[in-house]
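**Q** Sharing upload.csv below, CSV, C-alpha atoms:
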chain,number,residue,atom,x,y,z
A,219,MET,CA,0.0,0.0,0.0
A,220,ASN,CA,2.8,2.4,0.9
A,221,LYS,CA,4.4,1.9,-2.5
A,222,GLU,CA,1.1,2.8,-4.2
A,223,ILE,CA,0.7,6.0,-2.1
A,224,ILE,CA,4.3,7.1,-2.8
A,225,GLU,CA,3.7,6.5,-6.6
A,226,GLN,CA,0.4,8.5,-6.4
A,227,ILE,CA,2.1,11.4,-4.6
A,228,GLU,CA,4.7,11.5,-7.4
A,229,LYS,CA,1.8,11.4,-9.9
A,230,GLU,CA,-0.6,13.9,-8.3
A,231,LYS,CA,2.2,16.2,-7.0
A,232,ILE,CA,0.2,18.5,-4.8
A,233,VAL,CA,-0.6,18.1,-1.0
A,234,VAL,CA,-2.9,20.9,0.3
A,235,ILE,CA,-1.9,22.3,3.7
A,236,VAL,CA,-5.0,23.0,5.9
A,237,ARG,CA,-4.1,25.1,8.9
A,238,GLY,CA,-6.3,26.8,11.4
A,239,VAL,CA,-9.6,26.1,9.6
A,240,GLU,CA,-12.8,25.8,11.7
A,241,THR,CA,-14.0,22.3,12.1
A,242,GLN,CA,-17.4,23.0,10.5
A,243,LYS,CA,-15.7,24.2,7.4
A,244,LEU,CA,-13.3,21.2,7.0
A,245,ILE,CA,-15.5,18.8,5.0
A,246,PRO,CA,-16.9,21.4,2.5
A,247,LEU,CA,-13.4,22.7,2.1
A,248,ALA,CA,-12.0,19.3,1.5
A,249,GLU,CA,-14.8,18.5,-0.9
A,250,ALA,CA,-13.9,21.7,-2.9
A,251,ILE,CA,-10.3,20.7,-3.0
A,252,TYR,CA,-11.3,17.2,-4.2
A,253,GLU,CA,-13.6,18.7,-6.8
A,254,GLY,CA,-10.6,20.7,-8.0
A,255,GLY,CA,-8.7,17.5,-8.7
A,256,ILE,CA,-6.4,17.3,-5.7
A,257,ARG,CA,-6.2,14.0,-3.8
A,258,PHE,CA,-3.8,14.7,-0.9
A,259,LEU,CA,-4.6,16.9,2.1
A,260,GLU,CA,-2.9,17.5,5.4
A,261,ILE,CA,-4.4,18.8,8.6
A,262,THR,CA,-1.7,20.6,10.7
A,263,TYR,CA,-1.2,20.2,14.4
A,264,SER,CA,-1.1,23.4,16.4
A,265,ALA,CA,2.5,24.1,17.5
A,266,ASN,CA,1.4,26.8,20.0
A,267,GLY,CA,-1.3,24.6,21.6
A,268,SER,CA,-4.2,26.8,20.5
A,269,VAL,CA,-5.9,23.6,19.3
A,270,SER,CA,-5.3,20.4,21.2
A,271,ASP,CA,-3.6,17.4,19.5
A,272,GLU,CA,-6.7,15.4,20.2
A,273,GLU,CA,-9.0,17.8,18.5
A,274,THR,CA,-6.7,17.9,15.4
A,275,ALA,CA,-6.8,14.1,15.4
A,276,GLN,CA,-10.6,14.1,15.5
A,277,ASN,CA,-10.6,16.4,12.5
A,278,ILE,CA,-8.3,14.0,10.6
A,279,GLN,CA,-10.6,11.1,11.5
A,280,ALA,CA,-13.7,13.1,10.3
A,281,LEU,CA,-12.0,13.5,6.9
A,282,THR,CA,-10.7,9.9,6.6
A,283,THR,CA,-14.2,8.6,7.5
A,284,HIS,CA,-15.9,11.0,5.1
A,285,PHE,CA,-13.8,10.3,2.1
A,286,LYS,CA,-13.3,6.5,2.8
A,287,GLY,CA,-10.1,6.3,0.7
A,288,LYS,CA,-11.1,8.6,-2.1
A,289,MET,CA,-8.8,11.2,-0.8
A,290,HIS,CA,-5.5,10.7,1.1
A,291,ILE,CA,-5.5,12.5,4.5
A,292,GLY,CA,-2.4,13.0,6.6
A,293,ALA,CA,-1.0,15.4,9.3
A,294,GLY,CA,1.3,18.3,9.1
A,295,THR,CA,3.4,20.2,11.6
A,296,VAL,CA,4.0,16.9,13.4
A,297,LEU,CA,6.7,17.6,16.0
A,298,ASN,CA,6.5,14.5,18.3
A,299,GLU,CA,5.8,10.8,18.4
A,300,LYS,CA,2.5,11.3,20.2
A,301,GLN,CA,1.1,13.2,17.2
A,302,VAL,CA,2.3,10.4,15.0
A,303,GLU,CA,0.3,7.9,17.1
A,304,LEU,CA,-2.8,10.1,17.1
A,305,THR,CA,-2.7,10.5,13.4
A,306,HIS,CA,-2.3,6.7,12.9
A,307,GLN,CA,-5.3,6.1,15.2
A,308,ALA,CA,-7.3,8.6,13.2
A,309,GLY,CA,-6.7,6.8,9.9
A,310,GLY,CA,-4.1,9.2,8.6
A,311,GLU,CA,-1.7,7.9,5.9
A,312,PHE,CA,1.2,10.3,6.0
A,313,ILE,CA,3.2,12.5,8.3
A,314,ILE,CA,4.7,15.9,7.4
A,315,SER,CA,7.0,17.9,9.7
A,316,PRO,CA,8.8,21.2,9.4
A,317,ASP,CA,12.0,19.7,10.8
A,318,THR,CA,14.1,16.6,10.6
A,319,ASN,CA,13.2,14.7,13.8
A,320,THR,CA,14.6,11.1,13.5
A,321,GLU,CA,12.3,9.8,16.2
A,322,VAL,CA,9.2,11.1,14.4
A,323,ILE,CA,10.5,9.5,11.1
A,324,LYS,CA,11.1,6.2,12.8
A,325,LYS,CA,7.7,6.2,14.5
A,326,THR,CA,6.0,7.0,11.3
A,327,LYS,CA,7.6,4.1,9.5
A,328,LEU,CA,7.0,1.8,12.4
A,329,LEU,CA,3.3,2.5,12.1
A,330,GLY,CA,3.3,2.0,8.4
A,331,MET,CA,2.7,5.6,7.3
A,332,ILE,CA,4.5,7.8,4.7
A,333,SER,CA,7.2,10.0,6.1
A,334,MET,CA,7.8,13.5,4.8
A,335,PRO,CA,10.1,15.4,7.2
A,336,GLY,CA,11.3,19.0,6.6
A,337,ALA,CA,14.9,19.9,5.8
A,338,LEU,CA,16.8,23.0,4.9
A,339,THR,CA,20.4,21.7,4.4
A,340,PRO,CA,21.9,18.8,2.5
A,341,THR,CA,22.9,17.3,5.9
A,342,GLU,CA,19.4,17.5,7.3
A,343,ALA,CA,18.0,16.0,4.0
A,344,GLN,CA,20.5,13.1,4.1
A,345,THR,CA,19.8,12.5,7.8
A,346,ALA,CA,16.0,12.3,7.0
A,347,HIS,CA,16.6,9.9,4.1
A,348,ARG,CA,19.0,7.7,6.1
A,349,ASN,CA,16.4,7.3,8.8
A,350,GLY,CA,13.7,6.2,6.4
A,351,ALA,CA,12.0,9.3,5.0
A,352,ASP,CA,10.0,8.6,1.9
A,353,PHE,CA,10.1,12.2,0.8
A,354,VAL,CA,12.2,15.2,2.0
A,355,LYS,CA,10.3,18.4,2.3
A,356,LEU,CA,12.5,21.4,1.4
A,357,PHE,CA,11.2,24.2,3.6
A,358,PRO,CA,11.0,27.2,3.3
A,359,VAL,CA,11.8,26.6,-0.4
A,360,THR,CA,11.2,30.0,-2.0
A,361,ASN,CA,13.7,31.5,0.5
A,362,LEU,CA,16.3,29.1,-0.9
A,363,GLY,CA,15.3,29.6,-4.6
A,364,VAL,CA,15.3,27.5,-7.7
A,365,ASP,CA,19.1,27.6,-8.0
A,366,TYR,CA,19.4,26.0,-4.6
A,367,ILE,CA,17.2,23.1,-5.8
A,368,LYS,CA,19.4,22.6,-8.8
A,369,ALA,CA,22.5,22.8,-6.7
A,370,ILE,CA,21.5,20.0,-4.3
A,371,LYS,CA,19.8,17.8,-6.8
A,372,ALA,CA,23.2,16.6,-8.2
A,373,PRO,CA,24.5,15.1,-5.0
A,374,LEU,CA,21.0,14.2,-3.7
A,375,SER,CA,19.6,12.7,-6.8
A,376,HIS,CA,18.5,9.6,-4.9
A,377,MET,CA,16.0,11.6,-2.9
A,378,LYS,CA,12.4,12.5,-3.6
A,379,LEU,CA,12.1,16.2,-2.8
A,380,LEU,CA,9.0,18.2,-2.1
A,381,ALA,CA,8.9,22.0,-2.3
A,382,VAL,CA,7.0,23.8,0.4
A,383,GLY,CA,6.7,27.5,1.3
A,384,GLY,CA,5.7,30.2,-1.2
A,385,ILE,CA,4.8,28.0,-4.1
A,386,ASN,CA,2.3,29.7,-6.4
A,387,LEU,CA,1.0,29.6,-10.0
A,388,ASN,CA,3.8,31.9,-11.2
A,389,ASN,CA,6.7,29.7,-9.9
A,390,ILE,CA,5.3,26.1,-9.7
A,391,LYS,CA,6.5,25.1,-13.1
A,392,GLU,CA,10.0,26.5,-12.5
A,393,TYR,CA,10.4,24.4,-9.3
A,394,LEU,CA,9.0,21.3,-11.1
A,395,SER,CA,11.6,21.8,-13.8
A,396,ALA,CA,14.3,22.2,-11.2
A,397,GLY,CA,13.7,18.6,-10.1
A,398,VAL,CA,11.2,18.5,-7.2
A,399,CYS,CA,8.6,15.8,-7.4
A,400,GLY,CA,5.8,17.5,-5.5
A,401,PHE,CA,4.5,20.5,-3.6
A,402,GLY,CA,2.9,21.4,-0.3
A,403,ILE,CA,0.6,24.4,-0.9
A,404,GLY,CA,-1.5,26.2,1.7
A,405,THR,CA,-3.1,29.6,1.5
A,406,ASN,CA,-2.4,30.0,-2.2
A,407,ILE,CA,-5.1,27.4,-2.7
A,408,ILE,CA,-7.1,27.9,0.4
A,409,ASP,CA,-7.6,31.6,-0.2
A,410,LYS,CA,-8.4,33.3,3.1
A,411,ASP,CA,-11.1,35.6,1.7
A,412,MET,CA,-12.8,32.8,-0.2
A,413,LEU,CA,-12.8,30.6,3.0
A,414,LYS,CA,-14.2,33.4,5.1
A,415,ASN,CA,-17.0,33.9,2.6
A,416,ASN,CA,-17.7,30.2,2.2
A,417,ASP,CA,-16.8,30.5,-1.4
A,418,PHE,CA,-15.9,26.8,-1.8
A,419,GLU,CA,-16.7,26.9,-5.6
A,420,GLY,CA,-13.9,29.5,-5.9
A,421,ILE,CA,-11.5,27.4,-3.9
A,422,ALA,CA,-12.4,24.4,-6.2
A,423,LYS,CA,-11.6,26.5,-9.3
A,424,LEU,CA,-8.3,27.7,-7.7
A,425,ALA,CA,-7.3,24.1,-6.9
A,426,LYS,CA,-8.1,23.1,-10.5
A,427,LYS,CA,-5.7,25.9,-11.8
A,428,TYR,CA,-2.9,24.3,-9.8
A,429,VAL,CA,-3.6,20.8,-11.0
A,430,GLU,CA,-3.6,22.2,-14.6
A,431,ALA,CA,-0.3,24.0,-14.0
A,432,ILE,CA,1.6,20.8,-13.4
A,433,VAL,CA,0.4,18.9,-16.4
Would you mind giving the structure from this file in structure tokens?

**A**
Amino acid sequence: MNKEIIEQIEKEKIVVIVRGVETQKLIPLAEAIYEGGIRFLEITYSANGSVSDEETAQNIQALTTHFKGKMHIGAGTVLNEKQVELTHQAGGEFIISPDTNTEVIKKTKLLGMISMPGALTPTEAQTAHRNGADFVKLFPVTNLGVDYIKAIKAPLSHMKLLAVGGINLNNIKEYLSAGVCGFGIGTNIIDKDMLKNNDFEGIAKLAKKYVEAIV
């Protein structure tokens, strides 16, 4: 199953980052993203504790139950092993972190989920890969730039790299050409004004634009 999910991530290329969205809006939002053609979505944990880990896990479970495998749901901003366990119990399929935490990576793989830790330097990226990461999330990628991707792709050609942080319709093709195999995209798809106004049709259309941009 994991091999199939990895292959689908490489094919679909986009994981939508859902952060700080009210619980009652999660399902209509996810439906809009699905309608737009995106099949991977992460619910982020709250690093500052404003939302409990248990509540976040409940939101993940609500989505995994609602979509029943039609959409792949995972967790983002995963900083510790407890959050990995909660995600697994909620039916989540992948774990995304902002950092390279080897204990989080190992726990993720032990529980049979896809591991996508964050890295900034070649050392962090190789540490993540060595400890079992399936993908390495370069973050914040637009602060590094396309030339950085090209520079590290030569010695790190064995890794599957995801670009996260500042990806938009104007630069997505450029990063794809530089050698990344996928993207994490948040507010550039989940437009804050559209979400505030419950314009889920607008979000679906925006999601579709991103899907069309990577064809």

**Q** What lies within 9 Å of Leu304 in chain A using all atoms listed in the file, ignoring chain neighbours under 5 positions off, as a list in words?

**A**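 Near neighbours after the sequence-gap exclusion: Asp271, Glu272, Thr274, Ala275, Gln276, Glu299, Gly309 and Gly310 of chain A.
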
**Q** Which polymer residues have any atom within 10 Å of an atom of Pro316 in chain A, counting all atoms listed in the file, with same-chain residues fewer than 6 positions away left out, as a ChimeraX atom specification?

**A** /A:294-297,334-338,355-358,382

**Q** With distances taken over only C-alpha atoms, which residue among A:Val359, A:Glu253, A:Met377, A:Gly238 lies nearest Ser268 in chain A?

**A**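 Checking each of A:Val359, A:Glu253, A:Met377, A:Gly238 against Ser268 in chain A, counting only C-alpha atoms, the winner is A:Gly238.
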
**Q** Just how far from CA of Asn406 in chain A is CA of Thr305 in chain A, in Å to one decimal?

**A**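 For CA of Thr305 in chain A relative to CA of Asn406 in chain A, the distance reads 25.0 Å.
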
**Q** Can you pull out the residues contacting Ile223 in chain A? Cut-off 12 Å, using all atoms listed in the file, and skip same-chain residues under 3 positions away; I want them as a list in words.

**A**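 Near neighbours after the sequence-gap exclusion: Met219, Asn220, Gln226, Ile227, Glu228, Lys229, Glu230, Lys231, Arg257, Phe258, Gly287, Met289, His290, Ile291, Gly292, Glu311, Phe312, Gly330, Met331, Ile332, Ser333, Asp352 and Phe353 of chain A.
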
**Q** Report the distance between CA of Ile390 in chain A and CA of Lys410 in chain A in Å, rounded to one decimal place.

**A**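 So the two atoms, CA of Ile390 in chain A and CA of Lys410 in chain A, lie 20.1 Å apart.
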
**Q** Between A:Gln279, A:Thr320, A:Ser395, A:Asn361, which one has atoms that come closest to His347 in chain A, using all atoms listed in the file?

**A**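 Checking each of A:Gln279, A:Thr320, A:Ser395, A:Asn361 against His347 in chain A, counting all atoms listed in the file, the winner is A:Thr320.
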
**Q** Determine, for each residue of range 308-380 of chain A having at least one atom at most 8 Å from an atom of range 397-401 of chain A, the closest pair of atoms and their separation in Å to one decimal, counting all atoms listed in the file; order by chain and ascending number, as a tab-separated table.

**A**
residue	atom	partner	partner_atom	distance
A:Ile367	CA	A:Gly397	CA	7.1
A:Lys368	CA	A:Gly397	CA	7.1
A:Lys371	CA	A:Gly397	CA	7.0
A:Lys378	CA	A:Cys399	CA	6.3
A:Leu379	CA	A:Val398	CA	5.0
A:Leu380	CA	A:Gly400	CA	4.7

**Q** Using all atoms listed in the file, which protein or nucleic acid residues come within 9 Å of Leu329 in chain A? Drop anything in the same chain fewer than 6 positions from it, and give the result as a list of chain:residue names.

**A**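 Residues near the query, excluding close chain neighbours: A:Val302, A:Glu303, A:His306.
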
**Q** For Ile261 in chain A, please output as a list of chain:residue names all residues within 7 Å (counting all atoms listed in the file; exclusion window: fewer than 5 positions along the same chain).

**A**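 Residues near the query, excluding close chain neighbours: A:Ile235, A:Val236, A:Arg237, A:Ile278, A:Gly292, A:Ala293, A:Gly294.
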
**Q** CA of Pro373 in chain A to CA of Asp317 in chain A: how many Å, to one decimal?

**A**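 Atom-to-atom, CA of Pro373 in chain A to CA of Asp317 in chain A, that is 20.7 Å.
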
**Q** Nearest to Ala381 in chain A among A:Glu430, A:Asn277, A:Gly402, A:Gly420, with distances taken over all atoms listed in the file: which residue is it?

**A**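 Closest to Ala381 in chain A of all the choices is A:Gly402.
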
**Q** Nearest to Val233 in chain A among A:Thr360, A:Tyr428, A:His284, A:Ala369, with distances taken over all atoms listed in the file: which residue is it?

**A**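 Counting all atoms listed in the file, the residue closest to Val233 in chain A is A:Tyr428.
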
**Q** Go through A:Asn389, A:Gln307, A:Gln301, A:Ser264 one by one, measure the shortest atom-to-atom distance of each to Val239 in chain A using only C-alpha atoms, and give the residue with the smallest value.

**A**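 Ranked by minimum distance to Val239 in chain A, first place goes to A:Ser264.
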
**Q** Given the choices A:Lys427, A:Lys243, A:Lys391, A:Arg348, which gets closest to Asn319 in chain A if the distance is worked out from only C-alpha atoms?

**A**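 With only C-alpha atoms as the atom set, the closest residue is A:Arg348.
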
**Q** Just range 283-297 of chain A from the block, all heavy atoms, as a JSON list (two decimals), in the first residue's frame, could you?

**A**
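Here's the written file out21.json:
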[["chain", "number", "residue", "atom", "x", "y", "z"],
["A", 283, "THR", "N", -12.92, 9.33, 7.50],
["A", 283, "THR", "CA", -14.22, 8.64, 7.49],
["A", 283, "THR", "C", -15.09, 9.13, 6.34],
["A", 283, "THR", "O", -15.73, 8.33, 5.64],
["A", 283, "THR", "CB", -14.95, 8.86, 8.83],
["A", 283, "THR", "OG1", -14.15, 8.36, 9.89],
["A", 283, "THR", "CG2", -16.30, 8.16, 8.84],
["A", 284, "HIS", "N", -15.10, 10.44, 6.13],
["A", 284, "HIS", "CA", -15.94, 11.03, 5.09],
["A", 284, "HIS", "C", -15.53, 10.58, 3.69],
["A", 284, "HIS", "O", -16.38, 10.23, 2.87],
["A", 284, "HIS", "CB", -15.88, 12.56, 5.18],
["A", 284, "HIS", "CG", -16.69, 13.27, 4.13],
["A", 284, "HIS", "ND1", -18.05, 13.43, 4.25],
["A", 284, "HIS", "CD2", -16.34, 13.83, 2.95],
["A", 284, "HIS", "CE1", -18.50, 14.07, 3.19],
["A", 284, "HIS", "NE2", -17.49, 14.32, 2.38],
["A", 285, "PHE", "N", -14.23, 10.56, 3.43],
["A", 285, "PHE", "CA", -13.75, 10.26, 2.07],
["A", 285, "PHE", "C", -13.54, 8.77, 1.81],
["A", 285, "PHE", "O", -13.48, 8.35, 0.66],
["A", 285, "PHE", "CB", -12.47, 11.05, 1.77],
["A", 285, "PHE", "CG", -12.73, 12.50, 1.48],
["A", 285, "PHE", "CD1", -12.55, 13.46, 2.46],
["A", 285, "PHE", "CD2", -13.18, 12.91, 0.24],
["A", 285, "PHE", "CE1", -12.80, 14.80, 2.21],
["A", 285, "PHE", "CE2", -13.43, 14.24, -0.04],
["A", 285, "PHE", "CZ", -13.25, 15.19, 0.95],
["A", 286, "LYS", "N", -13.38, 7.99, 2.88],
["A", 286, "LYS", "CA", -13.26, 6.53, 2.75],
["A", 286, "LYS", "C", -12.29, 6.10, 1.66],
["A", 286, "LYS", "O", -12.60, 5.28, 0.81],
["A", 286, "LYS", "CB", -14.64, 5.92, 2.48],
["A", 286, "LYS", "CG", -15.64, 6.06, 3.63],
["A", 286, "LYS", "CD", -16.94, 5.35, 3.31],
["A", 286, "LYS", "CE", -17.88, 5.32, 4.49],
["A", 286, "LYS", "NZ", -18.34, 6.64, 4.92],
["A", 287, "GLY", "N", -11.09, 6.69, 1.66],
["A", 287, "GLY", "CA", -10.07, 6.28, 0.71],
["A", 287, "GLY", "C", -10.06, 7.03, -0.60],
["A", 287, "GLY", "O", -9.12, 6.90, -1.40],
["A", 288, "LYS", "N", -11.09, 7.82, -0.89],
["A", 288, "LYS", "CA", -11.12, 8.59, -2.14],
["A", 288, "LYS", "C", -10.08, 9.69, -2.13],
["A", 288, "LYS", "O", -9.57, 10.08, -3.17],
["A", 288, "LYS", "CB", -12.50, 9.23, -2.36],
["A", 288, "LYS", "CG", -13.62, 8.25, -2.68],
["A", 288, "LYS", "CD", -14.82, 8.98, -3.27],
["A", 288, "LYS", "CE", -15.30, 10.11, -2.37],
["A", 288, "LYS", "NZ", -16.42, 10.86, -2.98],
["A", 289, "MET", "N", -9.80, 10.19, -0.92],
["A", 289, "MET", "CA", -8.80, 11.24, -0.76],
["A", 289, "MET", "C", -7.84, 10.80, 0.33],
["A", 289, "MET", "O", -8.26, 10.20, 1.33],
["A", 289, "MET", "CB", -9.47, 12.56, -0.38],
["A", 289, "MET", "CG", -8.60, 13.79, -0.51],
["A", 289, "MET", "SD", -9.61, 15.29, -0.28],
["A", 289, "MET", "CE", -8.47, 16.54, -0.85],
["A", 290, "HIS", "N", -6.55, 11.07, 0.16],
["A", 290, "HIS", "CA", -5.54, 10.67, 1.13],
["A", 290, "HIS", "C", -5.36, 11.80, 2.15],
["A", 290, "HIS", "O", -5.01, 12.92, 1.79],
["A", 290, "HIS", "CB", -4.21, 10.36, 0.44],
["A", 290, "HIS", "CG", -4.31, 9.22, -0.52],
["A", 290, "HIS", "ND1", -4.36, 7.91, -0.11],
["A", 290, "HIS", "CD2", -4.38, 9.20, -1.88],
["A", 290, "HIS", "CE1", -4.44, 7.12, -1.17],
["A", 290, "HIS", "NE2", -4.47, 7.87, -2.24],
["A", 291, "ILE", "N", -5.58, 11.48, 3.41],
["A", 291, "ILE", "CA", -5.51, 12.47, 4.48],
["A", 291, "ILE", "C", -4.32, 12.16, 5.39],
["A", 291, "ILE", "O", -4.08, 11.02, 5.76],
["A", 291, "ILE", "CB", -6.80, 12.46, 5.33],
["A", 291, "ILE", "CG1", -8.05, 12.54, 4.44],
["A", 291, "ILE", "CG2", -6.77, 13.59, 6.36],
["A", 291, "ILE", "CD1", -8.18, 13.79, 3.61],
["A", 292, "GLY", "N", -3.58, 13.21, 5.74],
["A", 292, "GLY", "CA", -2.45, 13.05, 6.64],
["A", 292, "GLY", "C", -2.35, 14.21, 7.60],
["A", 292, "GLY", "O", -3.28, 15.03, 7.69],
["A", 293, "ALA", "N", -1.24, 14.30, 8.29],
["A", 293, "ALA", "CA", -1.04, 15.35, 9.29],
["A", 293, "ALA", "C", 0.20, 16.16, 8.95],
["A", 293, "ALA", "O", 1.19, 15.64, 8.43],
["A", 293, "ALA", "CB", -0.89, 14.75, 10.68],
["A", 294, "GLY", "N", 0.13, 17.46, 9.29],
["A", 294, "GLY", "CA", 1.28, 18.35, 9.11],
["A", 294, "GLY", "C", 1.69, 18.97, 10.44],
["A", 294, "GLY", "O", 0.98, 18.85, 11.44],
["A", 295, "THR", "N", 2.84, 19.64, 10.42],
["A", 295, "THR", "CA", 3.43, 20.23, 11.63],
["A", 295, "THR", "C", 3.49, 19.18, 12.75],
["A", 295, "THR", "O", 3.13, 19.45, 13.91],
["A", 295, "THR", "CB", 2.66, 21.49, 12.10],
["A", 295, "THR", "OG1", 2.37, 22.32, 10.95],
["A", 295, "THR", "CG2", 3.51, 22.33, 13.06],
["A", 296, "VAL", "N", 3.91, 18.00, 12.39],
["A", 296, "VAL", "CA", 4.05, 16.91, 13.37],
["A", 296, "VAL", "C", 5.42, 17.02, 14.02],
["A", 296, "VAL", "O", 6.45, 16.87, 13.36],
["A", 296, "VAL", "CB", 3.87, 15.53, 12.69],
["A", 296, "VAL", "CG1", 4.07, 14.42, 13.71],
["A", 296, "VAL", "CG2", 2.48, 15.44, 12.06],
["A", 297, "LEU", "N", 5.41, 17.29, 15.33],
["A", 297, "LEU", "CA", 6.65, 17.59, 16.04],
["A", 297, "LEU", "C", 7.08, 16.52, 17.03],
["A", 297, "LEU", "O", 8.19, 16.58, 17.56],
["A", 297, "LEU", "CB", 6.51, 18.92, 16.78],
["A", 297, "LEU", "CG", 6.19, 20.14, 15.91],
["A", 297, "LEU", "CD1", 5.99, 21.37, 16.78],
["A", 297, "LEU", "CD2", 7.29, 20.38, 14.88]]
